[in-house]
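See structure below.
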Amino acid sequence: MSIEVLHPGLLSTVQDLGRCGHAALGVGRSGALDADALRLANALLGNAATLAGLEITLQGPTLRFNARAGFALCGADFSARLDGHPVNAWSALQAQAGSVLELGRASSGCRAWLALTGGIDLPPVLGSRSTDLNAGLGPLPRALRRGDVLPLGAHASTPQAPSARWSLNPRPWFAVAEHEPLRLLQGRDHAGLDQASMAALCNSEFRVATASNRVGVRLEGPALRLMQALECVSEGCVPGVVQLPPGGQPIVLLGEHPVSGGYPRIAHLAAVDLPRLAQARPGSALRFTLSDLDTATRALLARQHARADLESRIHSRLAAT
Amino acid sequence: MPQWETLGESAVLLRWGQTLDAALNATVHAAASALRRAALPGIEDIAPAYASLLLRFDLDVWSARGTRDAFGTLHEAVDPLLAATSAGATLPSRELCVPVCYGGEHGPDLAEVARRAKLSQQALIALHCAPLYRVAMLGFAPGFPYLLGLDAALQMPRRAQPRVSVPAGSVAIGGAQTGIYPGALPGGWHLLGRTPWRLFDAAREPACLLQPGDGVRFTSISAEEFSASARDRP
């Protein structure tokens with residue numbers, strides 16, 4: 001069981017939930033930039049949540065199935081076609097041996113996650129199959145290339161073909177069209193911003209720079225300044241940290257960030273909004289608003305519980321068919 | 001006791017200071033070992049840095065453990081562990097001796113560094129081999145050790161032009177630190193030599209030869225010893 005890459009797309013990588021627990025060795029997590037979307041795609045196929053799929057960016061790949069297998073696509077709409085026929089995202093679909101799945105351009109948003117029955121079965125590296133492009137880690141430590149053949153794992157549950165008789169409502173899991181500002185929590189050095197910069201952070205529009213990648217989203221907008229330059233020693237980082245390099249253009253860290261960094265930290269993106277940031281296309285506009293830790297934590301827990309609840313409802317429904 | 005700084009919803013930095021300082025760093029490693037030994041549930045990462053320690057935790061686990069918020073609950077669990085950390089537990093538990101072939105093709109900056117430090121190359125090598133360094137933290141790339149303890153005579157600004165790629169195993173100095181490039185990486189430090197050791201190999205157990213908090217000494221080897229050792233390594 002395998003799939004073959006006929007066309008790799010712009011940047012398609014193998015991702016699971018990430019390489020947890022090795023930060024002390026300088027090894028970051030990487031992993032799907034929207035873990036919920038990958039989890040839901042896996043759930044639709046009856047896969048374990050930890051199985052690896054593909055993360056697809058802006059222009060999707062073309063893949064040939066070498067055996068009959070199910071697949072599910074969650075995230076941005078890539079106008080998927082199976083053997084030339086349009087197919088729905090957010091549902092479980094079946095490909096036959098020889099079928100070709102062709103993903104086009106993202107019509108809105110930036111990324112989607114493709115799960116396959118049995119998952120992509122490459123040998124895990126330090127507990128994860130995720131590609132970390134920045135660190136050059138993973139069983140496939142690079143983006144997909146034409147001709148790659150990715151093995152699929154044996155599928156534990158029934159070989160009954162999943163079907164597209166029902167699908168998930170992409171909302172609220174894919175909320176890129178909403179123009180609500182992204183929520184920020186104050187970081188250690190927020191109070192060190194000069195008055196104009198503090199105001200600009202929440203009252204201005206920022207653009208996603210083309211140099212953005214899985215390490216971080218680089219923002220272009222009014223240059224933000226600290227009242228006094230700060231000498232920082234390197235400290236641990238997490239996704240969502242908003243760093244301010246000397247040039248004044250902030251960077252919001254994403255899943256592939258290095259484990260430590262020494263730039264001032266003016267804010268943290270609320271984790272509940274990280275999936276929305278992962279959908280921000282280069283050149284698109286973003287706005288921010290200040291929130292607080294309690295509100296952000298409640299929102300995150302609510303989302304995690306809603307996702308877990310949805311996973312278990314999908315599981316029951318699959319078990320009943 | 002350290003300051004607590006929340007890092008988003010499910011991580012915290014415990015910070016003892018904001019300087020490169022051996023004593024501060026020793027406190028960080030003592031706290032990290034105490035936390036690792038305690039094996040609290042729902043702690044996903046314990047990552048020491050120079051003067052701070054990152055804890056990443058499972059929000060679901062820690063918000064469910066008490067009526068208070070996750071940080072409050074975590075604080076109550078962590079504080080007694082830190083308080084019980086003995087002040088004497090600051091010495092490295094391990095000491096590793098890393099072989100280095102200094103100068104020549106393996107250390108292209110040795111001569112220039114010696115000139116800037118007004119030392120003979122032999123004296124420079126002796127100064128670099130003398131201290132017991134401490135792996136203050138691993139970062140920048142998987143398995144890159146930042147070593148504290150560089151002799152003041154060898155402390156100098158980084159190169160004006162960083163190299164696009166530095167060979168794996170290069171032993172280098174930058175500012176007040178010395179380090180070893182575990183893989184071919186871009187680098188702005190001065191290259192003094194190279195070790196035949198493979199510092200990081202994800203397919204090996206352990207993947208990383210140096211652990212945070214380890215003591216490290218360098219020992220000078222010849223180019224022949226370097227080649228023989230590089231041939232024999234696994």
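We label chains A, B, ... in the order they appear in the structure tokens, count residues from 1 in each chain, and number ligands from 1 in the order shown.
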
At a cut-off of 8 Å, can you tabulate as a Markdown table every residue of chain B near chain A together with its closest atom pair and the distance in Å to one decimal, using only C-alpha atoms and ordering rows by chain then number?
```
| residue | atom | partner | partner_atom | distance |
| --- | --- | --- | --- | --- |
| B:Glu5 | CA | A:Arg188 | CA | 7.5 |
| B:Leu7 | CA | A:His268 | CA | 7.1 |
| B:Gly8 | CA | A:His268 | CA | 5.8 |
| B:Glu9 | CA | A:Thr297 | CA | 5.7 |
| B:Ala11 | CA | A:Val238 | CA | 7.6 |
| B:Leu13 | CA | A:Gly236 | CA | 7.4 |
| B:Gln18 | CA | A:Val233 | CA | 6.0 |
| B:Thr19 | CA | A:Val233 | CA | 6.3 |
| B:Leu20 | CA | A:Val233 | CA | 7.1 |
| B:Glu44 | CA | A:Gly21 | CA | 5.4 |
| B:Asp45 | CA | A:Gly21 | CA | 4.8 |
| B:Ile46 | CA | A:Ala24 | CA | 6.4 |
| B:Ala47 | CA | A:Ala24 | CA | 4.1 |
| B:Pro48 | CA | A:Ala24 | CA | 6.3 |
| B:Ala49 | CA | A:Glu235 | CA | 5.6 |
| B:Tyr50 | CA | A:Ser234 | CA | 6.9 |
| B:Ala51 | CA | A:Glu235 | CA | 7.8 |
| B:Ser52 | CA | A:Glu235 | CA | 6.5 |
| B:Leu53 | CA | A:Gly236 | CA | 7.2 |
| B:Leu54 | CA | A:Gly236 | CA | 5.5 |
| B:Leu59 | CA | A:Leu301 | CA | 7.8 |
| B:Asp60 | CA | A:Leu301 | CA | 7.3 |
| B:Met137 | CA | A:Ala24 | CA | 7.4 |
| B:Leu138 | CA | A:Gly26 | CA | 4.9 |
| B:Gly139 | CA | A:Gly26 | CA | 4.1 |
| B:Phe140 | CA | A:Pro258 | CA | 6.1 |
| B:Ala141 | CA | A:Gly26 | CA | 5.8 |
| B:Pro142 | CA | A:Gly26 | CA | 4.4 |
| B:Gly143 | CA | A:Leu25 | CA | 5.4 |
| B:Phe144 | CA | A:Gly26 | CA | 6.8 |
| B:Ala202 | CA | A:Val125 | CA | 6.4 |
| B:Ala203 | CA | A:Val125 | CA | 7.0 |
| B:Cys208 | CA | A:Leu25 | CA | 6.9 |
| B:Gln211 | CA | A:Leu25 | CA | 7.0 |
| B:Pro212 | CA | A:Ala24 | CA | 6.9 |
```

What does the file look like for those residues with N, CA and C atoms, as a JSON list (two decimals), in the first residue's frame?
```json
[["chain", "number", "residue", "atom", "x", "y", "z"],
["B", 5, "GLU", "N", 7.03, 33.36, 34.40],
["B", 5, "GLU", "CA", 6.48, 34.14, 33.30],
["B", 5, "GLU", "C", 5.68, 33.20, 32.41],
["B", 7, "LEU", "N", 4.01, 31.75, 29.21],
["B", 7, "LEU", "CA", 4.40, 31.80, 27.80],
["B", 7, "LEU", "C", 3.21, 31.23, 27.04],
["B", 8, "GLY", "N", 2.18, 32.05, 26.88],
["B", 8, "GLY", "CA", 0.95, 31.52, 26.32],
["B", 8, "GLY", "C", 0.19, 30.71, 27.36],
["B", 9, "GLU", "N", -0.73, 29.85, 26.91],
["B", 9, "GLU", "CA", -1.66, 29.17, 27.79],
["B", 9, "GLU", "C", -1.10, 27.92, 28.43],
["B", 11, "ALA", "N", 2.53, 26.97, 28.76],
["B", 11, "ALA", "CA", 3.97, 26.93, 28.99],
["B", 11, "ALA", "C", 4.34, 28.05, 29.96],
["B", 13, "LEU", "N", 7.99, 30.06, 31.72],
["B", 13, "LEU", "CA", 9.44, 30.19, 31.87],
["B", 13, "LEU", "C", 9.71, 30.48, 33.33],
["B", 18, "GLN", "N", 19.03, 37.13, 33.93],
["B", 18, "GLN", "CA", 19.07, 37.41, 32.50],
["B", 18, "GLN", "C", 20.48, 37.62, 32.01],
["B", 19, "THR", "N", 21.43, 36.84, 32.58],
["B", 19, "THR", "CA", 22.82, 37.00, 32.17],
["B", 19, "THR", "C", 23.44, 35.62, 31.91],
["B", 20, "LEU", "N", 24.56, 35.63, 31.19],
["B", 20, "LEU", "CA", 25.35, 34.42, 31.02],
["B", 20, "LEU", "C", 26.21, 34.29, 32.27],
["B", 44, "GLU", "N", 5.29, 18.19, 29.42],
["B", 44, "GLU", "CA", 5.70, 17.70, 28.10],
["B", 44, "GLU", "C", 7.15, 18.03, 27.77],
["B", 45, "ASP", "N", 7.67, 19.11, 28.29],
["B", 45, "ASP", "CA", 9.05, 19.49, 28.02],
["B", 45, "ASP", "C", 9.63, 20.21, 29.22],
["B", 46, "ILE", "N", 10.87, 19.87, 29.56],
["B", 46, "ILE", "CA", 11.63, 20.58, 30.59],
["B", 46, "ILE", "C", 12.92, 20.99, 29.90],
["B", 47, "ALA", "N", 13.01, 22.25, 29.51],
["B", 47, "ALA", "CA", 14.14, 22.66, 28.67],
["B", 47, "ALA", "C", 14.93, 23.78, 29.33],
["B", 48, "PRO", "N", 16.14, 23.45, 29.85],
["B", 48, "PRO", "CA", 16.96, 24.47, 30.48],
["B", 48, "PRO", "C", 17.60, 25.40, 29.45],
["B", 49, "ALA", "N", 17.71, 26.67, 29.78],
["B", 49, "ALA", "CA", 18.48, 27.63, 28.99],
["B", 49, "ALA", "C", 19.52, 28.25, 29.93],
["B", 50, "TYR", "N", 20.16, 29.36, 29.53],
["B", 50, "TYR", "CA", 21.22, 29.93, 30.36],
["B", 50, "TYR", "C", 20.75, 30.23, 31.78],
["B", 51, "ALA", "N", 19.65, 30.96, 31.88],
["B", 51, "ALA", "CA", 19.23, 31.45, 33.19],
["B", 51, "ALA", "C", 17.75, 31.19, 33.42],
["B", 52, "SER", "N", 17.17, 30.35, 32.58],
["B", 52, "SER", "CA", 15.74, 30.09, 32.69],
["B", 52, "SER", "C", 15.45, 28.65, 32.27],
["B", 53, "LEU", "N", 14.24, 28.23, 32.63],
["B", 53, "LEU", "CA", 13.83, 26.86, 32.37],
["B", 53, "LEU", "C", 12.44, 26.92, 31.76],
["B", 54, "LEU", "N", 12.28, 26.28, 30.60],
["B", 54, "LEU", "CA", 10.96, 26.24, 29.97],
["B", 54, "LEU", "C", 10.23, 24.98, 30.39],
["B", 59, "LEU", "N", -2.43, 21.39, 29.05],
["B", 59, "LEU", "CA", -3.41, 22.27, 29.69],
["B", 59, "LEU", "C", -4.59, 21.48, 30.26],
["B", 60, "ASP", "N", -5.01, 20.46, 29.53],
["B", 60, "ASP", "CA", -6.14, 19.65, 29.99],
["B", 60, "ASP", "C", -5.84, 19.00, 31.34],
["B", 137, "MET", "N", 23.12, 25.01, 27.63],
["B", 137, "MET", "CA", 21.85, 24.69, 26.99],
["B", 137, "MET", "C", 22.15, 24.11, 25.61],
["B", 138, "LEU", "N", 21.15, 23.44, 25.04],
["B", 138, "LEU", "CA", 21.24, 22.99, 23.66],
["B", 138, "LEU", "C", 20.18, 23.75, 22.87],
["B", 139, "GLY", "N", 20.58, 24.29, 21.72],
["B", 139, "GLY", "CA", 19.63, 25.08, 20.95],
["B", 139, "GLY", "C", 20.23, 25.44, 19.60],
["B", 140, "PHE", "N", 19.60, 26.35, 18.90],
["B", 140, "PHE", "CA", 20.01, 26.78, 17.57],
["B", 140, "PHE", "C", 19.72, 25.68, 16.55],
["B", 141, "ALA", "N", 20.24, 24.48, 16.79],
["B", 141, "ALA", "CA", 19.96, 23.32, 15.94],
["B", 141, "ALA", "C", 19.97, 22.10, 16.85],
["B", 142, "PRO", "N", 19.36, 20.98, 16.44],
["B", 142, "PRO", "CA", 19.37, 19.79, 17.31],
["B", 142, "PRO", "C", 20.79, 19.44, 17.75],
["B", 143, "GLY", "N", 20.98, 19.36, 19.06],
["B", 143, "GLY", "CA", 22.26, 18.92, 19.61],
["B", 143, "GLY", "C", 23.38, 19.94, 19.63],
["B", 144, "PHE", "N", 23.09, 21.22, 19.35],
["B", 144, "PHE", "CA", 24.14, 22.26, 19.41],
["B", 144, "PHE", "C", 24.33, 22.68, 20.86],
["B", 202, "ALA", "N", 19.96, 11.31, 15.01],
["B", 202, "ALA", "CA", 18.59, 10.98, 15.43],
["B", 202, "ALA", "C", 18.35, 9.48, 15.45],
["B", 203, "ALA", "N", 19.15, 8.71, 14.68],
["B", 203, "ALA", "CA", 18.92, 7.27, 14.60],
["B", 203, "ALA", "C", 19.65, 6.52, 15.71],
["B", 208, "CYS", "N", 21.74, 12.39, 21.23],
["B", 208, "CYS", "CA", 22.58, 13.54, 21.54],
["B", 208, "CYS", "C", 23.64, 13.12, 22.54],
["B", 211, "GLN", "N", 24.41, 16.15, 27.08],
["B", 211, "GLN", "CA", 23.12, 16.47, 27.68],
["B", 211, "GLN", "C", 23.23, 17.82, 28.40],
["B", 212, "PRO", "N", 22.11, 18.52, 28.53],
["B", 212, "PRO", "CA", 22.18, 19.80, 29.25],
["B", 212, "PRO", "C", 22.74, 19.58, 30.66]]
```

(message) If we count only C-alpha atoms and set the cut-off at 8 Å, which residues sit around B:Ala22, ignoring sequence neighbours fewer than 2 positions away in its own chain? Please answer as a list in words.
(response) Leu20, Leu24, Asn25, Ala26, Arg134, Leu148 and Gly149 of chain B

Go ahead and write the selection's residues with N, CA, C and O atoms as a compact mmCIF listing (two decimals), in the first residue's frame.
```
# COMPACT_ATOMS: atom_id res chain seq x y z
N LEU B 20 24.56 35.63 31.19
CA LEU B 20 25.35 34.42 31.02
C LEU B 20 26.21 34.29 32.27
O LEU B 20 27.15 35.05 32.45
N LEU B 24 24.26 30.93 37.94
CA LEU B 24 22.83 30.96 37.58
C LEU B 24 22.48 29.70 36.79
O LEU B 24 21.46 29.04 37.04
N ASN B 25 23.35 29.39 35.83
CA ASN B 25 23.09 28.24 34.97
C ASN B 25 23.09 26.93 35.78
O ASN B 25 22.28 26.04 35.52
N ALA B 26 23.98 26.86 36.79
CA ALA B 26 24.01 25.66 37.63
C ALA B 26 22.68 25.50 38.38
O ALA B 26 22.16 24.39 38.53
N ARG B 134 30.61 23.89 30.86
CA ARG B 134 29.30 23.32 31.19
C ARG B 134 28.37 23.50 30.00
O ARG B 134 28.31 24.58 29.40
N LEU B 148 29.51 27.15 28.57
CA LEU B 148 29.96 28.28 29.39
C LEU B 148 31.29 27.94 30.02
O LEU B 148 31.53 26.79 30.38
N GLY B 149 32.14 28.93 30.17
CA GLY B 149 33.42 28.72 30.85
C GLY B 149 34.62 29.15 30.04
O GLY B 149 35.76 28.89 30.43
```

(request) Give the helix (DSSP H, G or I) residues of stretch 37-273 of chain A, as DSSP finds them on the backbone, and put them as number ranges by chain. (result) A: 37-44, 190-192, 195-203, 271-273

(message) Report as a PyMOL selection string all protein, DNA and RNA residues lying within 7 Å of B:Thr219, evaluated on only C-alpha atoms, omitting residues in the same chain fewer than 6 positions from it.
(response) chain B and resi 97-100+129

(request) For stretch 109-126 of chain B, list every protein, DNA or RNA residue within 10 Å, evaluated using only C-alpha atoms, and leave out those in the same chain fewer than 2 positions away; present the list as a VMD selection string. (result) chain B and resid 100 to 107 128 to 131 151 to 156 159 172 to 173 189 to 193 218 to 220

(request) Please return as a ChimeraX atom specification: the residues of stretch 50-297 of chain A that backbone DSSP assigns to strand (DSSP E or B). (result) /A:53-57,59,62-65,69-75,81-82,85-86,92-95,100-102,105,111-116,120,125,128,132,137,149-152,182-186,193,206-208,216-220,226,235-236,241-243,251-253,260-261,265-269,285-286,288-290
